[in-house]
There are 2 protein chains.
Amino acid sequence: MLTINQVATYAGVTVRAVRHYHQIGLLPEPGRNQSGYRTYDADAVVRLIQIHTLADAGVPLSQVQDLLDADPEAFVEGIQKIDDDLRAEIRRLRSSRRRLARLAAGDDPALPPSVVGYLDRLRTLGVDDRYLALERNAWIMIAAQVPERIDSVIAGKNAELDDPEVVRLYQLLSDGLSWSVDDPRIVEVADCIERLMVRAVEAGETGDIGLDNQFLDLLDDTAVRASPAAQQLRSILEARGWNGWIRTERMADDDRHP
Amino acid sequence: MLTINQVATYAGVTVRAVRHYHQIGLLPEPGRNQSGYRTYDADAVVRLIQIHTLADAGVPLSQVQDLLDADPEAFVEGIQKIDDDLRAEIRRLRSSRRRLARLAAGDDPALPPSVVGYLDRLRTLGVDDRYLALERNAWIMIAAQVPERIDSVIAGKNAELDDPEVVRLYQLLSDGLSWSVDDPRIVEVADCIERLMVRAVEAGETGDIGLDNQFLDLLDDTAVRASPAAQQLRSILEARGWNGWIRTERMADDDRHP
DNA sequence: GCTTGACCTTGACGCAACGTCAACGCTGCA
DNA sequence: TGCAGCGTTGACGTTGCGTCAAGGTCAAGC
């Protein structure tokens, strides 16, 4: 008769594993001696070896019993099923590794390269880091909402930057973070934005990329809370009938003077 | 301000995940409104997206924080480490799949093919299923003890089967499971075993394959408990000075008549 | 006989990343 | 005003054991 340590050693598993198999009913509890010690026989060793072999091959313990009792046909079928699961798991891990490789290669953890390129371009145009951080956060959120359209959206933004007036606008916005609410340049910025929006509307560009209004409000709100000047800017635009600067659209009449 | 549902939706994660990140300190708890509801801002969305991106790439949550705070050099280093872990995991799963494939192809879950072949040969030689089951269990245990030597051991056993007397012995042992203790054929079997053991000893074969005595006792004991005739057989051999039939060795004088 | 160390027992927490109730409060709309 | 749909905390479940904790048992040496 064997102790639990011996049976575990002979089967090549740990004592804890044996007790676990008892607990889940995979290995029947053997008899006890008068001290309460479990006493095993050779059959238990054999059973443990079979369990260990299957478990080691990736079979979940919950299926080991059925598999050991199955006829050859069902056995192969069960194995196939488990193999499919393992294959799926490997695929998942491989896709994870691909993403890790891109991160290690310098990709931003939350932004596609096109957006990073766009932000870099803004920096070279003289936009400062504080404003860039705001843009970055906004684009992280936008990219997460419409990942499949983000590249084309950024292509559009890049095209806009070919217009010197747009470049000038971004430089003003960047500076504007530190303006006070009564800075006269805010009106200048509002004029600039309005000109660009009118031009966009006349060109039939709505700027709509499929984001819901709640989300646009969030972007708007974030910008406004970043600086008092931004808040003032929005007020001016709203007084002129524009729904902030995120949407290229005029407000409905009944929203006009809230 | 956003509710937990909104922040989770915008970041593409579940509400439960957000709460989990709070719990483990990965995402700071935001403020509450007067009803106790958590109120989030856009920064939380950004943070969540970053967390989700890394987690989705296989980064353990316990390392996400460090990774997000790391400088580019440490970041790449951390990613490398995680990638190594994923690679190791994939290797493990692939090795599992190889074992599953062998099982599906008909391999016994606990016996190498050489042993299965040996057992098949025994069956064709007229050994019956009850005895074969005993042999099988014994070989399962032996193979688990000395997996690297099992093939050569089996090669030796196959060589033995070229001797007609050995074949005859196995046929007798197979029949013997149902003999009563006083069956005269037991002595015949003992004679046969003794002849073979004497011959082996003279040829310098000890039969030692590196199994400890405790384990050999277990095998012995299992066989003895399988049938009264086997017990009788062992008694006869011990009376003649042989240490059972598992070891090809004579007992020390002081073990002779216990 | 006594100590000591190795082994046995049950019970319970820990891990990883949440999913899924349960029980109850808050909110917004018909 | 009632109800559906959100929010809150708390706690258990998943997978396969590892790892204490707090004892009882056993064999060996003094």
# chains A, B, ... in the order shown; residues from 1 in each chain; ligands from 1
call {"tool": "interface_residues", "arguments": {"of": "chain B", "to": "chain D", "cutoff": "10 Å", "atoms": "only C-alpha atoms (C1' of nucleotides)", "output": "number ranges by chain"}}
result
B: 3-5, 35-38
call {"tool": "closest_atom_pairs", "arguments": {"of": "chain C", "to": "chain A", "cutoff": "10 Å", "atoms": "only C-alpha atoms (C1' of nucleotides)", "output": "CSV"}}
result
residue,atom,partner,partner_atom,distance
C:DC7,C1',A:Asn5,CA,8.3
C:DC8,C1',A:Tyr37,CA,6.1
C:DT9,C1',A:Gly36,CA,7.3
call {"tool": "write_last_selection", "arguments": {"atoms": "C-alpha atoms (C1' of nucleotides)", "output": "PDB file, in the first residue's frame"}}
result
ATOM      1  C1'  DC C   7       5.003  13.072   6.382  1.00  0.00           C
ATOM      2  C1'  DC C   8      -0.141  12.999   6.893  1.00  0.00           C
ATOM      3  C1'  DT C   9      -4.771  15.515   7.607  1.00  0.00           C
TER       4       DT C   9
END
call {"tool": "interface_residues", "arguments": {"of": "chain B", "to": "chain A", "cutoff": "9 Å", "atoms": "only C-alpha atoms", "output": "PyMOL selection string"}}
result
chain B and resi 1-2+10-12+41-43+45-46+49-54+56-59+68+72+75-77+79-80+82-83+86-87+89-90+93-101+103-106+109-110+137-138+140-141+144-145+215+218-219+221-222
call {"tool": "atom_distance", "arguments": {"atom1": "atom CA of Asn243 of chain B", "atom2": "atom CA of Ser114 of chain B"}}
result
27.9 Å
call {"tool": "atom_distance", "arguments": {"atom1": "atom CA of Asp175 of chain B", "atom2": "atom CA of Ile154 of chain B"}}
result
22.8 Å
call {"tool": "select_by_dssp", "arguments": {"residues": "segment 139-222 of chain A", "states": "helix (DSSP H, G or I)", "output": "ChimeraX atom specification"}}
result
/A:139-145,150-160,164-176,185-202,213-222
call {"tool": "atom_distance", "arguments": {"atom1": "atom CA of Arg185 of chain B", "atom2": "atom CA of Glu202 of chain B"}}
result
25.8 Å
call {"tool": "residues_around", "arguments": {"residues": "Ala190 of chain A", "least_positions_apart": "5", "cutoff": "10 Å", "atoms": "only C-alpha atoms (C1' of nucleotides)", "output": "ChimeraX atom specification"}}
result
/A:169,185,195-196,232-237,240,245
call {"tool": "write_last_selection", "arguments": {"atoms": "N, CA and C atoms", "output": "short mmCIF file (atom, residue, chain, number, x, y, z; two decimals), in the first residue's frame"}}
result
data_model
loop_
_atom_site.label_atom_id
_atom_site.label_comp_id
_atom_site.auth_asym_id
_atom_site.auth_seq_id
_atom_site.Cartn_x
_atom_site.Cartn_y
_atom_site.Cartn_z
N LEU A 169 -4.47 79.25 -38.16
CA LEU A 169 -5.49 78.99 -37.14
C LEU A 169 -4.95 78.10 -36.02
N ARG A 185 -7.71 88.76 -29.46
CA ARG A 185 -7.35 87.82 -30.52
C ARG A 185 -8.38 86.69 -30.64
N ARG A 195 -14.89 81.85 -41.25
CA ARG A 195 -14.57 81.87 -42.68
C ARG A 195 -14.38 80.45 -43.20
N LEU A 196 -13.58 79.67 -42.46
CA LEU A 196 -13.29 78.30 -42.91
C LEU A 196 -14.56 77.44 -42.92
N GLN A 232 -14.76 81.10 -24.17
CA GLN A 232 -15.15 82.38 -24.75
C GLN A 232 -15.35 82.23 -26.26
N LEU A 233 -14.41 81.49 -26.88
CA LEU A 233 -14.47 81.27 -28.32
C LEU A 233 -15.78 80.58 -28.70
N ARG A 234 -16.12 79.58 -27.92
CA ARG A 234 -17.36 78.87 -28.23
C ARG A 234 -18.57 79.79 -28.09
N SER A 235 -18.55 80.61 -27.06
CA SER A 235 -19.68 81.54 -26.86
C SER A 235 -19.85 82.44 -28.07
N ILE A 236 -18.72 82.96 -28.54
CA ILE A 236 -18.79 83.86 -29.70
C ILE A 236 -19.40 83.13 -30.89
N LEU A 237 -18.91 81.94 -31.16
CA LEU A 237 -19.40 81.19 -32.31
C LEU A 237 -20.87 80.84 -32.15
N ARG A 240 -23.08 83.55 -33.00
CA ARG A 240 -23.19 83.75 -34.45
C ARG A 240 -23.96 82.61 -35.12
N TRP A 245 -17.23 74.50 -32.58
CA TRP A 245 -16.33 74.41 -33.74
C TRP A 245 -16.05 72.97 -34.14
#
call {"tool": "closest_residue", "arguments": {"among": "B:Leu67, B:Ala17, B:Leu122, B:Ile246", "to": "Tyr170 of chain B", "atoms": "only C-alpha atoms"}}
result
B:Leu122
call {"tool": "closest_residue", "arguments": {"among": "B:Glu188, B:Asp128, B:Asp220, B:Glu194", "to": "Glu249 of chain B", "atoms": "only C-alpha atoms"}}
result
B:Glu194
call {"tool": "decode", "arguments": {"residues": "chain D", "atoms": "C-alpha atoms (C1' of nucleotides)", "output": "PDB file, in the first residue's frame"}}
result
ATOM      1  C1'  DT D   1     -46.753  57.631 -10.630  1.00  0.00           C
ATOM      2  C1'  DG D   2     -44.992  53.589 -12.268  1.00  0.00           C
ATOM      3  C1'  DC D   3     -41.618  51.276 -14.620  1.00  0.00           C
ATOM      4  C1'  DA D   4     -37.581  50.326 -17.394  1.00  0.00           C
ATOM      5  C1'  DG D   5     -32.962  51.039 -17.345  1.00  0.00           C
ATOM      6  C1'  DC D   6     -29.219  52.808 -15.362  1.00  0.00           C
ATOM      7  C1'  DG D   7     -26.064  53.170 -11.008  1.00  0.00           C
ATOM      8  C1'  DT D   8     -24.008  51.196  -6.425  1.00  0.00           C
ATOM      9  C1'  DT D   9     -21.479  47.477  -3.483  1.00  0.00           C
ATOM     10  C1'  DG D  10     -20.639  42.697  -2.397  1.00  0.00           C
ATOM     11  C1'  DA D  11     -19.658  38.241  -3.390  1.00  0.00           C
ATOM     12  C1'  DC D  12     -19.158  33.901  -5.839  1.00  0.00           C
ATOM     13  C1'  DG D  13     -17.443  31.336 -10.154  1.00  0.00           C
ATOM     14  C1'  DT D  14     -13.840  30.208 -13.472  1.00  0.00           C
ATOM     15  C1'  DT D  15      -8.839  26.857 -13.903  1.00  0.00           C
ATOM     16  C1'  DG D  16      -5.395  24.013 -11.683  1.00  0.00           C
ATOM     17  C1'  DC D  17      -3.288  23.760  -8.525  1.00  0.00           C
ATOM     18  C1'  DG D  18       0.705  26.488  -4.962  1.00  0.00           C
ATOM     19  C1'  DT D  19       1.202  27.693  -0.526  1.00  0.00           C
ATOM     20  C1'  DC D  20       0.540  28.579   4.211  1.00  0.00           C
ATOM     21  C1'  DA D  21      -1.711  27.294   8.758  1.00  0.00           C
ATOM     22  C1'  DA D  22      -2.552  24.397  12.486  1.00  0.00           C
ATOM     23  C1'  DG D  23      -2.397  20.491  13.846  1.00  0.00           C
ATOM     24  C1'  DG D  24      -1.870  14.682  14.249  1.00  0.00           C
ATOM     25  C1'  DT D  25       1.400  10.524  12.997  1.00  0.00           C
ATOM     26  C1'  DC D  26       5.483   7.943  12.363  1.00  0.00           C
ATOM     27  C1'  DA D  27      10.236   6.300  12.379  1.00  0.00           C
ATOM     28  C1'  DA D  28      14.726   7.131  14.010  1.00  0.00           C
ATOM     29  C1'  DG D  29      18.199   8.481  17.131  1.00  0.00           C
ATOM     30  C1'  DC D  30      19.434   9.690  21.986  1.00  0.00           C
TER      31       DC D  30
END
